[in-house]
>>> print(open('model-v3.cif').read())   # mmCIF, C-alpha atoms
data_structure
loop_
_atom_site.label_atom_id
_atom_site.label_comp_id
_atom_site.auth_asym_id
_atom_site.auth_seq_id
_atom_site.Cartn_x
_atom_site.Cartn_y
_atom_site.Cartn_z
CA MET A 9 41.89 -69.52 17.43
CA LYS A 10 40.44 -69.60 13.99
CA ILE A 11 37.95 -72.26 13.15
CA ILE A 12 39.43 -73.20 9.78
CA LEU A 13 37.38 -74.69 7.00
CA PHE A 14 38.46 -78.31 7.68
CA ILE A 15 36.38 -78.27 10.88
CA LEU A 16 33.09 -77.53 9.17
CA GLY A 17 33.76 -78.83 5.69
CA TYR A 18 34.80 -76.51 2.94
CA LEU A 19 32.87 -73.27 2.62
CA VAL A 20 31.63 -73.38 -0.95
CA VAL A 21 31.05 -69.86 -2.25
CA SER A 22 30.58 -68.13 -5.54
CA VAL A 23 33.10 -65.27 -5.53
CA ASN A 24 33.41 -62.67 -8.25
CA ALA A 25 36.46 -60.42 -7.93
CA VAL A 26 36.06 -57.04 -9.59
CA ALA A 27 38.92 -54.66 -8.70
CA ASP A 28 38.88 -54.71 -4.87
CA THR A 29 35.31 -55.99 -4.50
CA LEU A 30 34.21 -59.47 -3.42
CA GLU A 31 30.66 -60.67 -3.99
CA VAL A 32 29.61 -63.81 -2.10
CA GLU A 33 26.30 -65.68 -1.97
CA TYR A 34 24.58 -65.05 1.38
CA ALA A 35 23.49 -68.71 1.38
CA SER A 36 27.11 -69.73 1.98
CA PHE A 37 27.18 -67.78 5.25
CA TYR A 38 23.67 -68.85 6.22
CA SER A 39 24.72 -72.51 6.09
CA HIS A 40 27.12 -71.69 8.93
CA VAL A 41 25.18 -69.28 11.16
CA LYS A 42 22.02 -71.41 11.19
CA LYS A 43 24.03 -74.09 13.05
CA LEU A 44 24.09 -71.82 16.12
CA ASP A 45 20.32 -71.29 16.23
CA ASP A 46 20.01 -73.43 19.37
CA PRO A 47 19.88 -72.68 23.14
CA GLU A 48 22.91 -74.94 23.68
CA THR A 49 25.07 -72.72 21.47
CA ASN A 50 23.45 -69.29 21.91
CA ALA A 51 26.59 -67.81 23.51
CA LEU A 52 28.58 -68.39 20.31
CA ARG A 53 28.76 -66.69 16.92
CA PHE A 54 30.55 -66.98 13.60
CA THR A 55 32.70 -64.14 12.31
CA PHE A 56 33.99 -64.03 8.75
CA GLY A 57 36.99 -62.41 7.14
CA PHE A 58 39.59 -62.92 4.43
CA GLN A 59 43.11 -64.18 5.10
CA HIS A 60 45.83 -62.56 3.03
CA ILE A 61 47.61 -65.22 1.00
CA ALA A 62 51.08 -63.68 1.26
CA HIS A 63 50.94 -62.17 4.76
CA LYS A 64 49.95 -63.43 8.20
CA ARG A 65 47.06 -61.03 8.59
CA LEU A 66 43.46 -60.51 7.60
CA CYS A 67 42.66 -58.45 4.52
CA HIS A 68 41.42 -54.95 5.31
CA ILE A 69 37.67 -54.47 4.76
CA SER A 70 36.64 -50.89 4.09
CA SER A 71 32.88 -51.57 3.94
CA GLY A 72 30.27 -54.24 3.33
CA GLN A 73 26.59 -54.72 2.64
CA ILE A 74 23.96 -57.37 1.97
CA THR A 75 21.94 -56.79 -1.19
CA THR A 76 18.80 -58.25 -2.72
CA GLN A 77 16.72 -57.06 -5.67
CA LYS A 78 14.57 -55.03 -3.26
CA GLN A 79 16.84 -53.82 -0.46
CA THR A 80 20.37 -53.12 0.73
CA LEU A 81 21.40 -53.78 4.34
CA PRO A 82 24.60 -52.54 6.03
CA LEU A 83 27.07 -55.19 7.13
CA ILE A 84 28.61 -55.00 10.59
CA VAL A 85 32.40 -54.96 10.12
CA GLU A 86 34.55 -55.08 13.28
CA ASN A 87 38.04 -53.56 13.34
CA ASN A 88 38.00 -53.46 9.51
CA SER A 89 38.81 -57.16 9.42
CA ARG A 90 35.87 -59.41 10.39
CA PHE A 91 32.12 -59.22 9.91
CA THR A 92 28.96 -60.97 11.04
CA VAL A 93 25.78 -61.74 9.15
CA PRO A 94 22.22 -62.17 10.45
CA THR A 95 20.54 -65.56 10.55
CA ASP A 96 17.71 -64.84 8.13
CA LYS A 97 16.11 -67.51 5.95
CA ILE A 98 14.30 -64.82 3.97
CA LEU A 99 17.63 -63.41 2.78
CA LYS A 100 18.62 -66.89 1.67
CA MET A 101 15.35 -67.34 -0.24
CA ALA A 102 15.83 -63.91 -1.83
CA LYS A 103 19.26 -65.03 -3.10
CA ALA A 104 20.97 -62.15 -1.30
CA LYS A 105 24.59 -61.25 -1.99
CA VAL A 106 27.24 -60.16 0.52
CA VAL A 107 29.32 -57.43 -1.11
CA ILE A 108 32.69 -56.61 0.47
CA GLU A 109 34.93 -53.66 -0.42
CA LEU A 110 38.60 -54.42 0.26
CA ASP A 111 41.66 -52.23 0.56
CA ASP A 112 43.72 -55.28 -0.43
CA GLN A 113 43.71 -56.96 -3.83
CA ALA A 114 40.72 -59.31 -3.93
CA ASN A 115 42.64 -62.16 -5.58
CA GLN A 116 45.05 -62.18 -2.60
CA CYS A 117 42.32 -62.81 -0.03
CA ASP A 118 40.94 -66.24 0.99
CA MET A 119 37.86 -66.83 3.14
CA SER A 120 38.44 -67.24 6.90
CA VAL A 121 35.75 -68.51 9.30
CA GLN A 122 36.02 -68.15 13.09
CA LEU A 123 33.82 -69.47 15.91
CA GLU A 124 33.91 -67.31 19.04
CA THR A 125 31.78 -66.13 21.94
CA LEU A 126 29.38 -63.22 21.66
CA PRO A 127 30.75 -59.75 22.59
CA SER A 128 28.47 -59.70 25.66
CA PHE A 129 30.75 -62.33 27.23
CA LEU A 130 33.88 -60.17 26.93
CA LYS A 131 34.48 -58.65 30.38
CA ILE A 132 37.02 -58.51 33.22
CA GLN A 133 35.52 -60.95 35.73
CA TYR A 134 34.30 -64.51 35.21
CA SER A 135 32.83 -66.92 37.70
CA HIS A 136 33.61 -70.60 37.33
CA ASP A 137 30.04 -71.21 36.17
CA GLU A 138 30.40 -68.64 33.38
CA LEU A 139 33.64 -70.16 32.11
CA LEU A 140 32.14 -73.64 32.26
CA LEU A 141 29.05 -72.45 30.37
CA LEU A 142 31.22 -71.18 27.49
CA PHE A 143 33.26 -74.39 27.38
CA ASN A 144 30.10 -76.51 27.44
CA GLN A 145 28.71 -74.53 24.52
CA TYR A 146 31.79 -75.28 22.43
CA GLN A 147 31.49 -78.94 23.38
CA ALA A 148 27.81 -78.96 22.38
CA PHE A 149 28.62 -77.40 19.01
CA PHE A 150 31.32 -79.91 18.11
CA ASP A 151 29.22 -82.81 19.41
CA GLU A 152 26.38 -81.71 17.14
CA MET A 153 28.66 -81.24 14.14
CA GLY A 154 30.38 -84.58 14.67
CA GLY A 155 27.31 -86.79 14.95
CA PHE A 156 28.20 -90.39 14.23
CA LEU A 157 31.53 -89.23 12.75
CA SER A 158 32.58 -87.61 16.05
CA PHE A 159 35.80 -89.64 16.10
CA MET A 160 36.93 -87.64 13.03
CA MET A 161 36.17 -84.23 14.52
CA PRO A 162 38.58 -82.05 16.53
CA LEU A 163 37.54 -81.68 20.16
CA PRO A 164 37.58 -78.59 22.40
CA GLN A 165 40.29 -78.91 25.06
CA GLY A 166 39.65 -75.63 26.85
CA LEU A 167 39.26 -71.89 26.24
CA VAL A 168 41.57 -69.22 24.80
CA LEU A 169 41.03 -65.59 25.83
CA GLN A 170 42.77 -63.46 23.21
CA PHE A 171 44.27 -60.06 23.94
CA ASP A 172 46.40 -57.40 22.33
CA ASN A 173 50.04 -58.58 22.51
CA ALA A 174 50.99 -55.54 24.57
CA THR A 175 48.42 -56.33 27.25
CA ALA A 176 49.19 -57.96 30.61
CA PRO A 177 45.60 -59.08 31.36
CA LEU A 178 45.97 -61.19 34.50
CA LYS A 179 46.09 -59.81 38.03
CA GLU A 180 47.59 -63.13 39.12
CA GLY A 181 48.27 -66.59 37.66
CA LYS A 182 50.76 -65.51 34.96
CA ILE A 183 51.35 -69.20 34.25
CA LEU A 184 48.11 -69.15 32.25
CA LEU A 185 49.64 -66.79 29.66
CA ASP A 186 50.99 -68.23 26.42
CA GLU A 187 53.78 -66.83 24.22
CA ASN A 188 51.30 -64.56 22.41
CA GLY A 189 50.02 -62.92 25.59
CA ASN A 190 46.74 -64.86 25.52
CA VAL A 191 45.16 -66.69 28.46
CA ARG A 192 44.77 -70.45 27.93
CA LEU A 193 42.41 -72.30 30.25
CA SER A 194 42.76 -76.05 29.80
CA GLU A 195 39.93 -78.46 30.52
CA ASP A 196 41.86 -79.63 33.59
CA TRP A 197 42.06 -76.04 34.85
CA LEU A 198 38.36 -75.47 34.22
CA ILE A 199 37.30 -78.40 36.38
CA LEU A 200 39.18 -76.95 39.37
CA GLY A 201 36.22 -74.66 40.03
CA LYS A 202 38.10 -71.34 39.81
CA GLY A 203 36.94 -68.00 38.50
CA LEU A 204 39.10 -65.53 36.58
CA GLU A 205 39.87 -61.85 37.13
CA LEU A 206 41.42 -59.68 34.42
CA THR A 207 42.61 -56.11 34.11
CA THR A 208 41.04 -55.64 30.67
CA PRO A 209 38.38 -57.52 28.68
CA PRO A 210 39.58 -60.02 26.05
CA LEU A 211 39.21 -59.23 22.35
CA ARG A 212 37.52 -62.63 21.84
CA ILE A 213 37.16 -66.05 23.44
CA THR A 214 37.66 -69.16 21.31
CA ALA A 215 38.19 -72.84 21.97
CA ILE A 216 41.43 -74.77 22.27
CA ILE A 217 41.02 -77.30 19.47
CA GLU A 218 43.01 -80.50 19.09
CA ASN A 219 42.43 -83.53 16.87
#
>>> encode(input="model-v3.cif", output="structure tokens")
Amino acid sequence: MKIILFILGYLVVSVNAVADTLEVEYASFYSHVKKLDDPETNALRFTFGFQHIAHKRLCHISSGQITTQKQTLPLIVENNSRFTVPTDKILKMAKAKVVIELDDQANQCDMSVQLETLPSFLKIQYSHDELLLLFNQYQAFFDEMGGFLSFMMPLPQGLVLQFDNATAPLKEGKILLDENGNVRLSEDWLILGKGLELTTPPLRITAIIEN
């Protein structure tokens, strides 16, 4: 699922729309990614994209780069919809800009922030310990973000393994599939001590979040 801005507080960015180009302060992204610079959350990452205002889809990104007065770095864009940024304090100090080229109209695209596992955890077989590790990392993240206001924060209730809608990923246990063809592992299921076997790797793994 998407980690929407209400979870982390609003993402405050300076956005200049010129034709189909968005220019965003790197510092806005750095304020997010630096939160994962910890061994207890090192299996997680933030991905960023732009939600189309009128349609239930992400805006199409044709290219992206990070620029400073002295250098230009390529931006990693996945499936032309989401991108990641490095955790680099030097880029923040250099007042770097993230420049995104869109195929959609820039004024129709709003920022979208998603917390998910690293691509290295996307595979076809999971032991119980691996699934529990991922769930514990989400718990650690939200515990850290909540602090003394933890009663106001949403809490992870399990894991969601997201797939293409046409995929039938499970060899058994079809009851774990939701209406979108994703696998939902509740906290109760996770404590049963089971592993998971799939026919194809998930596209991403996120947390089940409930207030």
>>> residues_near_point(input="model-v3.cif", point="(21.8, -61.9, 3.8)", cutoff="7 Å", atoms="all atoms listed in the file", output="JSON list (two decimals) with C-alpha atoms, in the coordinates of the input")
[["chain", "number", "residue", "atom", "x", "y", "z"],
["A", 34, "TYR", "CA", 24.58, -65.05, 1.38],
["A", 74, "ILE", "CA", 23.96, -57.37, 1.97],
["A", 93, "VAL", "CA", 25.78, -61.74, 9.15],
["A", 94, "PRO", "CA", 22.22, -62.17, 10.45],
["A", 96, "ASP", "CA", 17.71, -64.84, 8.13],
["A", 99, "LEU", "CA", 17.63, -63.41, 2.78],
["A", 100, "LYS", "CA", 18.62, -66.89, 1.67],
["A", 104, "ALA", "CA", 20.97, -62.15, -1.30],
["A", 105, "LYS", "CA", 24.59, -61.25, -1.99],
["A", 106, "VAL", "CA", 27.24, -60.16, 0.52]]
>>> closest_residue(input="model-v3.cif", among="A:Gly201, A:Pro164, A:Gly189, A:Pro177", to="Ile216 in chain A", atoms="only C-alpha atoms")
A:Pro164
>>> closest_residue(input="model-v3.cif", among="A:Gln165, A:Ser89, A:Leu130, A:Asp186", to="Leu206 in chain A", atoms="only C-alpha atoms")
A:Leu130
>>> atom_distance(input="model-v3.cif", atom1="CA of Ser70 in chain A", atom2="CA of Phe54 in chain A")
19.7 Å
>>> residues_around(input="model-v3.cif", residues="Lys131 in chain A", least_positions_apart="2", cutoff="10 Å", atoms="only C-alpha atoms", output="ChimeraX atom specification")
/A:127-129,133-134,205-212
>>> closest_residue(input="model-v3.cif", among="A:Leu178, A:Leu185, A:Val191, A:Leu30", to="Gln116 in chain A", atoms="only C-alpha atoms")
A:Leu30
>>> atom_distance(input="model-v3.cif", atom1="CA of Gly166 in chain A", atom2="CA of Met119 in chain A")
25.4 Å
>>> closest_residue(input="model-v3.cif", among="A:His136, A:Lys202, A:Lys103, A:Lys179", to="Gln79 in chain A", atoms="only C-alpha atoms")
A:Lys103
>>> atom_distance(input="model-v3.cif", atom1="CA of Asp196 in chain A", atom2="CA of Glu152 in chain A")
22.7 Å
>>> residues_around(input="model-v3.cif", residues="range 44-51 of chain A", least_positions_apart="3", cutoff="9 Å", atoms="only C-alpha atoms", output="NGL selection string")
:A and (40-41 or 54 or 95 or 124-126 or 128-129 or 141-142 or 144-146 or 148-149)
>>> closest_residue(input="model-v3.cif", among="A:Phe37, A:Leu139, A:Asn190, A:Arg90", to="Leu110 in chain A", atoms="all atoms listed in the file")
A:Arg90
